>>> print(open('entry.pdb').read())   # PDB, C-alpha atoms and all ligand atoms
ATOM      1  CA  MET A   1     -12.909  19.377 -10.889
ATOM      2  CA  LYS A   2     -14.193  15.785 -10.758
ATOM      3  CA  LYS A   3     -12.464  13.561  -8.232
ATOM      4  CA  VAL A   4     -11.675   9.882  -8.630
ATOM      5  CA  ILE A   5     -10.767   7.336  -5.963
ATOM      6  CA  ILE A   6      -8.813   4.328  -7.161
ATOM      7  CA  MET A   7      -8.838   1.115  -5.154
ATOM      8  CA  ALA A   8      -6.183  -1.517  -5.851
ATOM      9  CA  SER A   9      -4.659  -4.542  -4.141
ATOM     10  CA  GLY A  10      -1.495  -5.323  -6.048
ATOM     11  CA  ASN A  11       0.766  -4.226  -8.827
ATOM     12  CA  GLY A  12      -1.083  -1.088  -9.877
ATOM     13  CA  SER A  13      -0.251  -0.853 -13.563
ATOM     14  CA  ASN A  14      -3.814   0.294 -14.233
ATOM     15  CA  PHE A  15      -3.527   2.852 -11.458
ATOM     16  CA  GLU A  16      -0.404   4.224 -13.091
ATOM     17  CA  ALA A  17      -1.945   4.295 -16.573
ATOM     18  CA  ILE A  18      -4.988   6.177 -15.269
ATOM     19  CA  CYS A  19      -2.844   8.675 -13.325
ATOM     20  CA  LYS A  20      -0.729   9.299 -16.409
ATOM     21  CA  TYR A  21      -3.762   9.837 -18.631
ATOM     22  CA  PHE A  22      -5.188  12.497 -16.297
ATOM     23  CA  SER A  23      -1.897  14.009 -15.138
ATOM     24  CA  ASN A  24      -2.451  17.273 -17.008
ATOM     25  CA  SER A  25      -6.221  17.309 -16.815
ATOM     26  CA  LYS A  26      -7.977  20.379 -15.470
ATOM     27  CA  GLU A  27     -11.281  18.498 -15.274
ATOM     28  CA  ILE A  28     -10.488  15.171 -13.635
ATOM     29  CA  LYS A  29      -8.149  14.374 -10.798
ATOM     30  CA  ILE A  30      -7.108  11.115  -9.176
ATOM     31  CA  SER A  31      -7.552  12.257  -5.621
ATOM     32  CA  HIS A  32      -7.019   9.069  -3.595
ATOM     33  CA  LEU A  33      -5.604   5.597  -3.676
ATOM     34  CA  ILE A  34      -6.997   3.058  -1.231
ATOM     35  CA  THR A  35      -5.459  -0.361  -0.781
ATOM     36  CA  ASP A  36      -6.275  -3.314   1.450
ATOM     37  CA  ASN A  37      -2.727  -4.658   1.116
ATOM     38  CA  PRO A  38       0.210  -2.969   2.872
ATOM     39  CA  LYS A  39       2.643  -4.825   0.596
ATOM     40  CA  ALA A  40       1.045  -3.783  -2.679
ATOM     41  CA  TYR A  41       3.393  -2.299  -5.258
ATOM     42  CA  VAL A  42       0.705   0.241  -6.093
ATOM     43  CA  ILE A  43       1.678   2.052  -2.875
ATOM     44  CA  LYS A  44       5.064   2.902  -4.381
ATOM     45  CA  ARG A  45       3.435   4.004  -7.612
ATOM     46  CA  ALA A  46       1.080   6.307  -5.689
ATOM     47  CA  LYS A  47       3.883   7.963  -3.747
ATOM     48  CA  LYS A  48       5.750   8.514  -7.002
ATOM     49  CA  VAL A  49       2.879  10.553  -8.404
ATOM     50  CA  GLY A  50       2.316  12.454  -5.174
ATOM     51  CA  ILE A  51      -0.777  10.649  -3.923
ATOM     52  CA  GLU A  52      -0.669   9.632  -0.274
ATOM     53  CA  PRO A  53      -1.928   6.037  -0.210
ATOM     54  CA  LYS A  54      -4.566   5.095   2.320
ATOM     55  CA  ILE A  55      -3.872   1.598   3.606
ATOM     56  CA  ILE A  56      -6.775  -0.214   5.226
ATOM     57  CA  ASP A  57      -5.020  -3.476   5.985
ATOM     58  CA  TYR A  58      -7.507  -6.310   5.524
ATOM     59  CA  SER A  59      -5.445  -8.694   7.647
ATOM     60  CA  THR A  60      -5.909  -6.546  10.757
ATOM     61  CA  PHE A  61      -9.695  -6.978  10.817
ATOM     62  CA  LYS A  62     -11.684  -9.739  12.463
ATOM     63  CA  ASN A  63     -13.755 -10.442   9.374
ATOM     64  CA  LYS A  64     -14.910  -8.930   6.088
ATOM     65  CA  GLU A  65     -17.773  -7.086   7.781
ATOM     66  CA  GLU A  66     -15.380  -5.224  10.087
ATOM     67  CA  TYR A  67     -13.071  -4.412   7.202
ATOM     68  CA  ASN A  68     -15.940  -3.109   5.100
ATOM     69  CA  LYS A  69     -17.163  -1.024   8.026
ATOM     70  CA  ALA A  70     -13.776   0.697   8.288
ATOM     71  CA  LEU A  71     -13.635   1.187   4.538
ATOM     72  CA  PHE A  72     -17.145   2.649   4.433
ATOM     73  CA  ASN A  73     -16.394   5.016   7.320
ATOM     74  CA  TYR A  74     -13.328   6.239   5.484
ATOM     75  CA  LEU A  75     -15.148   6.642   2.147
ATOM     76  CA  LYS A  76     -17.801   8.749   3.859
ATOM     77  CA  THR A  77     -15.166  11.278   4.875
ATOM     78  CA  LEU A  78     -14.154  11.819   1.240
ATOM     79  CA  ASP A  79     -15.564  14.011  -1.446
ATOM     80  CA  PHE A  80     -15.482  12.251  -4.826
ATOM     81  CA  ASP A  81     -17.377  11.498  -8.022
ATOM     82  CA  LEU A  82     -16.303   7.977  -8.912
ATOM     83  CA  ILE A  83     -14.660   4.927  -7.347
ATOM     84  CA  VAL A  84     -12.503   2.985  -9.777
ATOM     85  CA  LEU A  85     -11.553  -0.574  -8.869
ATOM     86  CA  ALA A  86      -8.265  -1.418 -10.566
ATOM     87  CA  GLY A  87      -7.070  -4.842  -9.520
ATOM     88  CA  TYR A  88      -8.951  -4.559  -6.226
ATOM     89  CA  MET A  89      -9.269  -8.134  -5.005
ATOM     90  CA  ARG A  90     -11.813  -7.800  -2.179
ATOM     91  CA  ILE A  91     -15.550  -7.983  -2.410
ATOM     92  CA  LEU A  92     -17.365  -4.810  -1.471
ATOM     93  CA  LEU A  93     -20.319  -5.602   0.739
ATOM     94  CA  GLU A  94     -23.825  -4.880  -0.387
ATOM     95  CA  HIS A  95     -24.446  -1.797   1.758
ATOM     96  CA  ILE A  96     -21.429  -0.009   0.220
ATOM     97  CA  VAL A  97     -22.389  -0.924  -3.321
ATOM     98  CA  LYS A  98     -25.979   0.203  -2.730
ATOM     99  CA  TYR A  99     -24.916   3.480  -1.131
ATOM    100  CA  TYR A 100     -22.659   4.296  -4.088
ATOM    101  CA  LYS A 101     -24.903   2.861  -6.791
ATOM    102  CA  ASN A 102     -23.561   3.674 -10.275
ATOM    103  CA  LYS A 103     -20.546   5.329  -8.701
ATOM    104  CA  ILE A 104     -18.268   2.273  -8.623
ATOM    105  CA  ILE A 105     -16.737   0.685 -11.700
ATOM    106  CA  ASN A 106     -14.471  -2.308 -12.148
ATOM    107  CA  ILE A 107     -12.233  -3.763 -14.815
ATOM    108  CA  HIS A 108     -12.056  -7.501 -15.363
ATOM    109  CA  PRO A 109      -9.674  -9.353 -17.672
ATOM    110  CA  SER A 110     -12.234 -11.503 -19.489
ATOM    111  CA  LEU A 111     -15.202 -11.184 -21.763
ATOM    112  CA  LEU A 112     -17.886 -11.377 -19.081
ATOM    113  CA  PRO A 113     -20.092 -13.262 -18.410
ATOM    114  CA  LYS A 114     -17.389 -15.758 -19.337
ATOM    115  CA  TYR A 115     -14.690 -16.346 -16.720
ATOM    116  CA  ARG A 116     -15.813 -14.590 -13.575
ATOM    117  CA  GLY A 117     -13.514 -14.691 -10.546
ATOM    118  CA  LEU A 118      -9.765 -15.156 -10.281
ATOM    119  CA  ASN A 119      -6.879 -16.146 -12.615
ATOM    120  CA  VAL A 120      -9.122 -15.804 -15.593
ATOM    121  CA  ILE A 121      -6.520 -14.971 -18.247
ATOM    122  CA  GLU A 122      -4.783 -18.248 -17.519
ATOM    123  CA  LYS A 123      -8.080 -20.124 -17.497
ATOM    124  CA  ALA A 124      -9.120 -18.691 -20.869
ATOM    125  CA  PHE A 125      -5.685 -19.408 -22.315
ATOM    126  CA  ASN A 126      -5.666 -23.008 -21.052
ATOM    127  CA  ASN A 127      -9.128 -23.536 -22.494
ATOM    128  CA  ASN A 128      -7.786 -22.580 -25.935
ATOM    129  CA  GLU A 129     -10.257 -19.752 -26.334
ATOM    130  CA  GLU A 130     -10.096 -18.114 -29.729
ATOM    131  CA  TYR A 131     -10.788 -14.658 -28.290
ATOM    132  CA  ILE A 132      -9.912 -12.984 -25.035
ATOM    133  CA  GLY A 133     -10.646  -9.505 -23.818
ATOM    134  CA  ILE A 134     -11.588  -7.088 -21.094
ATOM    135  CA  THR A 135     -14.814  -5.901 -19.519
ATOM    136  CA  ILE A 136     -15.404  -2.602 -17.770
ATOM    137  CA  HIS A 137     -18.614  -2.663 -15.758
ATOM    138  CA  TYR A 138     -20.540  -1.041 -12.941
ATOM    139  CA  VAL A 139     -20.226  -2.863  -9.651
ATOM    140  CA  ASP A 140     -23.403  -4.377  -8.286
ATOM    141  CA  GLU A 141     -24.160  -6.598  -5.286
ATOM    142  CA  SER A 142     -22.695  -9.702  -6.886
ATOM    143  CA  VAL A 143     -19.224 -10.487  -8.309
ATOM    144  CA  ASP A 144     -18.425  -9.536 -11.913
ATOM    145  CA  THR A 145     -22.100  -9.238 -12.821
ATOM    146  CA  GLY A 146     -22.819  -5.489 -12.982
ATOM    147  CA  LYS A 147     -24.009  -3.614 -16.060
ATOM    148  CA  ILE A 148     -21.383  -3.735 -18.789
ATOM    149  CA  ILE A 149     -20.015  -0.392 -19.969
ATOM    150  CA  LEU A 150     -17.420  -1.552 -22.471
ATOM    151  CA  GLN A 151     -15.852  -4.743 -23.767
ATOM    152  CA  LYS A 152     -12.882  -5.113 -26.083
ATOM    153  CA  LYS A 153     -11.742  -8.362 -27.549
ATOM    154  CA  ILE A 154      -8.716  -9.660 -29.390
ATOM    155  CA  LYS A 155      -7.904 -12.876 -31.140
ATOM    156  CA  ILE A 156      -5.349 -15.160 -29.522
ATOM    157  CA  GLU A 157      -2.800 -15.920 -32.196
ATOM    158  CA  LYS A 158      -1.625 -19.528 -32.294
ATOM    159  CA  TYR A 159       1.979 -18.687 -31.438
ATOM    160  CA  TRP A 160       1.133 -16.554 -28.355
ATOM    161  CA  ASP A 161       2.183 -17.879 -24.962
ATOM    162  CA  LEU A 162       0.461 -16.958 -21.687
ATOM    163  CA  GLU A 163       2.860 -14.102 -21.053
ATOM    164  CA  LYS A 164       2.041 -12.537 -24.407
ATOM    165  CA  VAL A 165      -1.699 -12.922 -23.789
ATOM    166  CA  GLU A 166      -1.349 -11.184 -20.418
ATOM    167  CA  LYS A 167       0.624  -8.377 -22.006
ATOM    168  CA  GLU A 168      -2.039  -7.866 -24.664
ATOM    169  CA  ILE A 169      -4.784  -7.810 -22.023
ATOM    170  CA  HIS A 170      -2.962  -5.241 -19.932
ATOM    171  CA  GLU A 171      -2.393  -3.060 -22.955
ATOM    172  CA  LEU A 172      -6.121  -3.100 -23.651
ATOM    173  CA  GLU A 173      -6.848  -2.237 -20.034
ATOM    174  CA  HIS A 174      -4.405   0.647 -19.920
ATOM    175  CA  LYS A 175      -5.778   2.065 -23.147
ATOM    176  CA  TYR A 176      -9.506   1.825 -22.472
ATOM    177  CA  TYR A 177      -9.973   2.208 -18.707
ATOM    178  CA  PRO A 178      -8.912   5.883 -18.614
ATOM    179  CA  GLN A 179     -11.093   6.640 -21.648
ATOM    180  CA  VAL A 180     -14.127   5.078 -19.969
ATOM    181  CA  ILE A 181     -13.497   7.030 -16.763
ATOM    182  CA  TYR A 182     -13.348  10.228 -18.793
ATOM    183  CA  LYS A 183     -16.568   9.434 -20.629
ATOM    184  CA  ILE A 184     -18.469   8.517 -17.470
ATOM    185  CA  LEU A 185     -17.449  11.700 -15.715
ATOM    186  CA  LYS A 186     -18.257  13.828 -18.747
ATOM    187  CA  GLY A 187     -21.701  12.235 -19.002
ATOM    188  CA  GLY A 188     -20.915  10.257 -22.134
ATOM    189  CA  PHE A 189     -22.283   6.953 -20.855
TER     190      PHE A 189
HETATM  191  C1  LIG B 201      -5.927  -6.375 -14.017
HETATM  192  O1  LIG B 201      -5.686  -7.264 -15.086
HETATM  193  C2  LIG B 201      -7.392  -6.357 -13.687
HETATM  194  O2  LIG B 201      -8.226  -6.546 -14.802
HETATM  195  C3  LIG B 201      -7.505  -7.527 -12.744
HETATM  196  O3  LIG B 201      -6.350  -7.438 -11.957
HETATM  197  C4  LIG B 201      -5.287  -6.897 -12.737
HETATM  198  C5  LIG B 201      -4.615  -5.814 -11.936
HETATM  199  O4  LIG B 201      -3.460  -5.370 -12.573
HETATM  200  N1  LIG B 201      -8.691  -7.445 -11.970
HETATM  201  C6  LIG B 201      -9.405  -8.507 -11.611
HETATM  202  O5  LIG B 201      -9.093  -9.638 -11.895
HETATM  203  C7  LIG B 201     -10.652  -8.199 -10.806
HETATM  204  N2  LIG B 201     -11.487  -9.329 -10.718
HETATM  205  P1  LIG B 201      -2.705  -4.056 -12.060
HETATM  206  O6  LIG B 201      -2.608  -4.169 -10.549
HETATM  207  O7  LIG B 201      -1.373  -4.095 -12.710
HETATM  208  O8  LIG B 201      -3.528  -2.857 -12.454
END
>>> encode(input="entry.pdb", output="structure tokens")
Amino acid sequence: MKKVIIMASGNGSNFEAICKYFSNSKEIKISHLITDNPKAYVIKRAKKVGIEPKIIDYSTFKNKEEYNKALFNYLKTLDFDLIVLAGYMRILLEHIVKYYKNKIINIHPSLLPKYRGLNVIEKAFNNNEEYIGITIHYVDESVDTGKIILQKKIKIEKYWDLEKVEKEIHELEHKYYPQVIYKILKGGF
């Protein structure tokens, strides 16, 4: 059985979609949820599916180095095959990324390298982009720059508002992220 850790900071709709996709799997199991945010809605979603969330509260640490130290110490106690970042809004420090090279993936709601960083759906929408999309990529030492695994794009129809664009993006994410996780763990990428 392959084991997956999901890390998330907020709502957790991707977490839920991934859990649902693998809920009857005999090959792949979502074994842990880690969050840096004690108020994240993903905590409720985890409890609902029987996963005890691990909260490493960022606000209780002196700085990002101390937080990353605690996170790394915790990760080292776990047995797993892949770390999946799903709306995880902290930057993993270089030593963690290097230690788990090719074992951490992320999803980002833009067609990278366009629109790195935060609030990118809104930025793309306000810039009247013709296409939007998602990128699933390996995590490297920088932000939103790792090797791309999959991108999916859709055309923004003229009558779509921001809410509709966000909905379309999330639908893409929920559809493709679990499939990519499956393929990676089955050696398909
Ligand atoms: C997702 O759209 C994900 O692509 C984005 O956060 C959202 C989390 O939604 N991630 C990033 O922007 C990372 N840079 P969720 O909490 O409902 O899964």
>>> closest_atom_pairs(input="entry.pdb", of="chain A", to="ligand LIG 201 (chain B)", cutoff="6 Å", atoms="all atoms listed in the file", output="CSV")
residue,atom,partner,partner_atom,distance
A:Gly10,CA,B:LIG201,O6,4.8
A:Asn11,CA,B:LIG201,O6,3.8
A:Gly12,CA,B:LIG201,O6,3.5
A:Ser13,CA,B:LIG201,O7,3.5
A:Asn14,CA,B:LIG201,O8,3.6
A:Phe15,CA,B:LIG201,O8,5.8
A:Ala86,CA,B:LIG201,O8,5.3
A:Gly87,CA,B:LIG201,C5,3.6
A:Met89,CA,B:LIG201,C7,6.0
A:Ile107,CA,B:LIG201,O2,4.9
A:His108,CA,B:LIG201,O2,4.0
A:Pro109,CA,B:LIG201,O2,4.3
A:Gly117,CA,B:LIG201,N2,5.7
A:Leu118,CA,B:LIG201,O5,5.8
A:His170,CA,B:LIG201,O1,5.9
>>> resolve_selection(input="entry.pdb", expression="the PyMOL selection byres (((chain A and resi 29) around 10) and not hetatm)", output="ChimeraX atom specification")
/A:1-5,18-19,22-28,30-32,80
>>> write_last_selection(input="entry.pdb", atoms="C-alpha atoms", output="short mmCIF file (atom, residue, chain, number, x, y, z; two decimals), in the coordinates of the input")
data_model
loop_
_atom_site.label_atom_id
_atom_site.label_comp_id
_atom_site.auth_asym_id
_atom_site.auth_seq_id
_atom_site.Cartn_x
_atom_site.Cartn_y
_atom_site.Cartn_z
CA MET A 1 -12.91 19.38 -10.89
CA LYS A 2 -14.19 15.78 -10.76
CA LYS A 3 -12.46 13.56 -8.23
CA VAL A 4 -11.68 9.88 -8.63
CA ILE A 5 -10.77 7.34 -5.96
CA ILE A 18 -4.99 6.18 -15.27
CA CYS A 19 -2.84 8.68 -13.32
CA PHE A 22 -5.19 12.50 -16.30
CA SER A 23 -1.90 14.01 -15.14
CA ASN A 24 -2.45 17.27 -17.01
CA SER A 25 -6.22 17.31 -16.82
CA LYS A 26 -7.98 20.38 -15.47
CA GLU A 27 -11.28 18.50 -15.27
CA ILE A 28 -10.49 15.17 -13.64
CA ILE A 30 -7.11 11.12 -9.18
CA SER A 31 -7.55 12.26 -5.62
CA HIS A 32 -7.02 9.07 -3.60
CA PHE A 80 -15.48 12.25 -4.83
#
>>> closest_residue(input="entry.pdb", among="A:Val180, A:Ile91, A:Met7, A:Ile136", to="Leu112 in chain A", atoms="all atoms listed in the file")
A:Ile136
>>> residues_around(input="entry.pdb", residues="Tyr100 in chain A", least_positions_apart="2", cutoff="12 Å", atoms="only C-alpha atoms", output="MDAnalysis selection string")
chainID A and resid 72 75:76 80:84 92:98 102:105 138:141
>>> closest_residue(input="entry.pdb", among="A:Ile156, A:Leu162, A:Leu111, A:Ile43", to="Asp144 in chain A", atoms="only C-alpha atoms")
A:Leu111
>>> atom_distance(input="entry.pdb", atom1="CA of Leu85 in chain A", atom2="CA of Glu163 in chain A")
23.2 Å
>>> closest_residue(input="entry.pdb", among="A:Tyr182, A:Gln151, A:Thr35, A:Tyr41", to="His137 in chain A", atoms="only C-alpha atoms")
A:Gln151
>>> closest_residue(input="entry.pdb", among="A:Ala17, A:Ile55, A:Ile148, A:Asn37", to="Glu171 in chain A", atoms="only C-alpha atoms")
A:Ala17
>>> closest_residue(input="entry.pdb", among="A:Leu33, A:Lys62, A:Glu16, A:Glu122", to="Glu173 in chain A", atoms="all atoms listed in the file")
A:Glu16
>>> residues_near_point(input="entry.pdb", point="(0.9, -14.2, -24.4)", cutoff="12 Å", atoms="all atoms listed in the file", output="number ranges by chain")
A: 121-122, 124-126, 132, 154-171
>>> atom_distance(input="entry.pdb", atom1="CA of Thr60 in chain A", atom2="CA of Ser142 in chain A")
24.6 Å
>>> atom_distance(input="entry.pdb", atom1="CA of Tyr74 in chain A", atom2="CA of Tyr177 in chain A")
24.8 Å
>>> closest_residue(input="entry.pdb", among="A:Leu78, A:Ser59, A:Ala8, A:Lys64", to="Arg45 in chain A", atoms="all atoms listed in the file")
A:Ala8
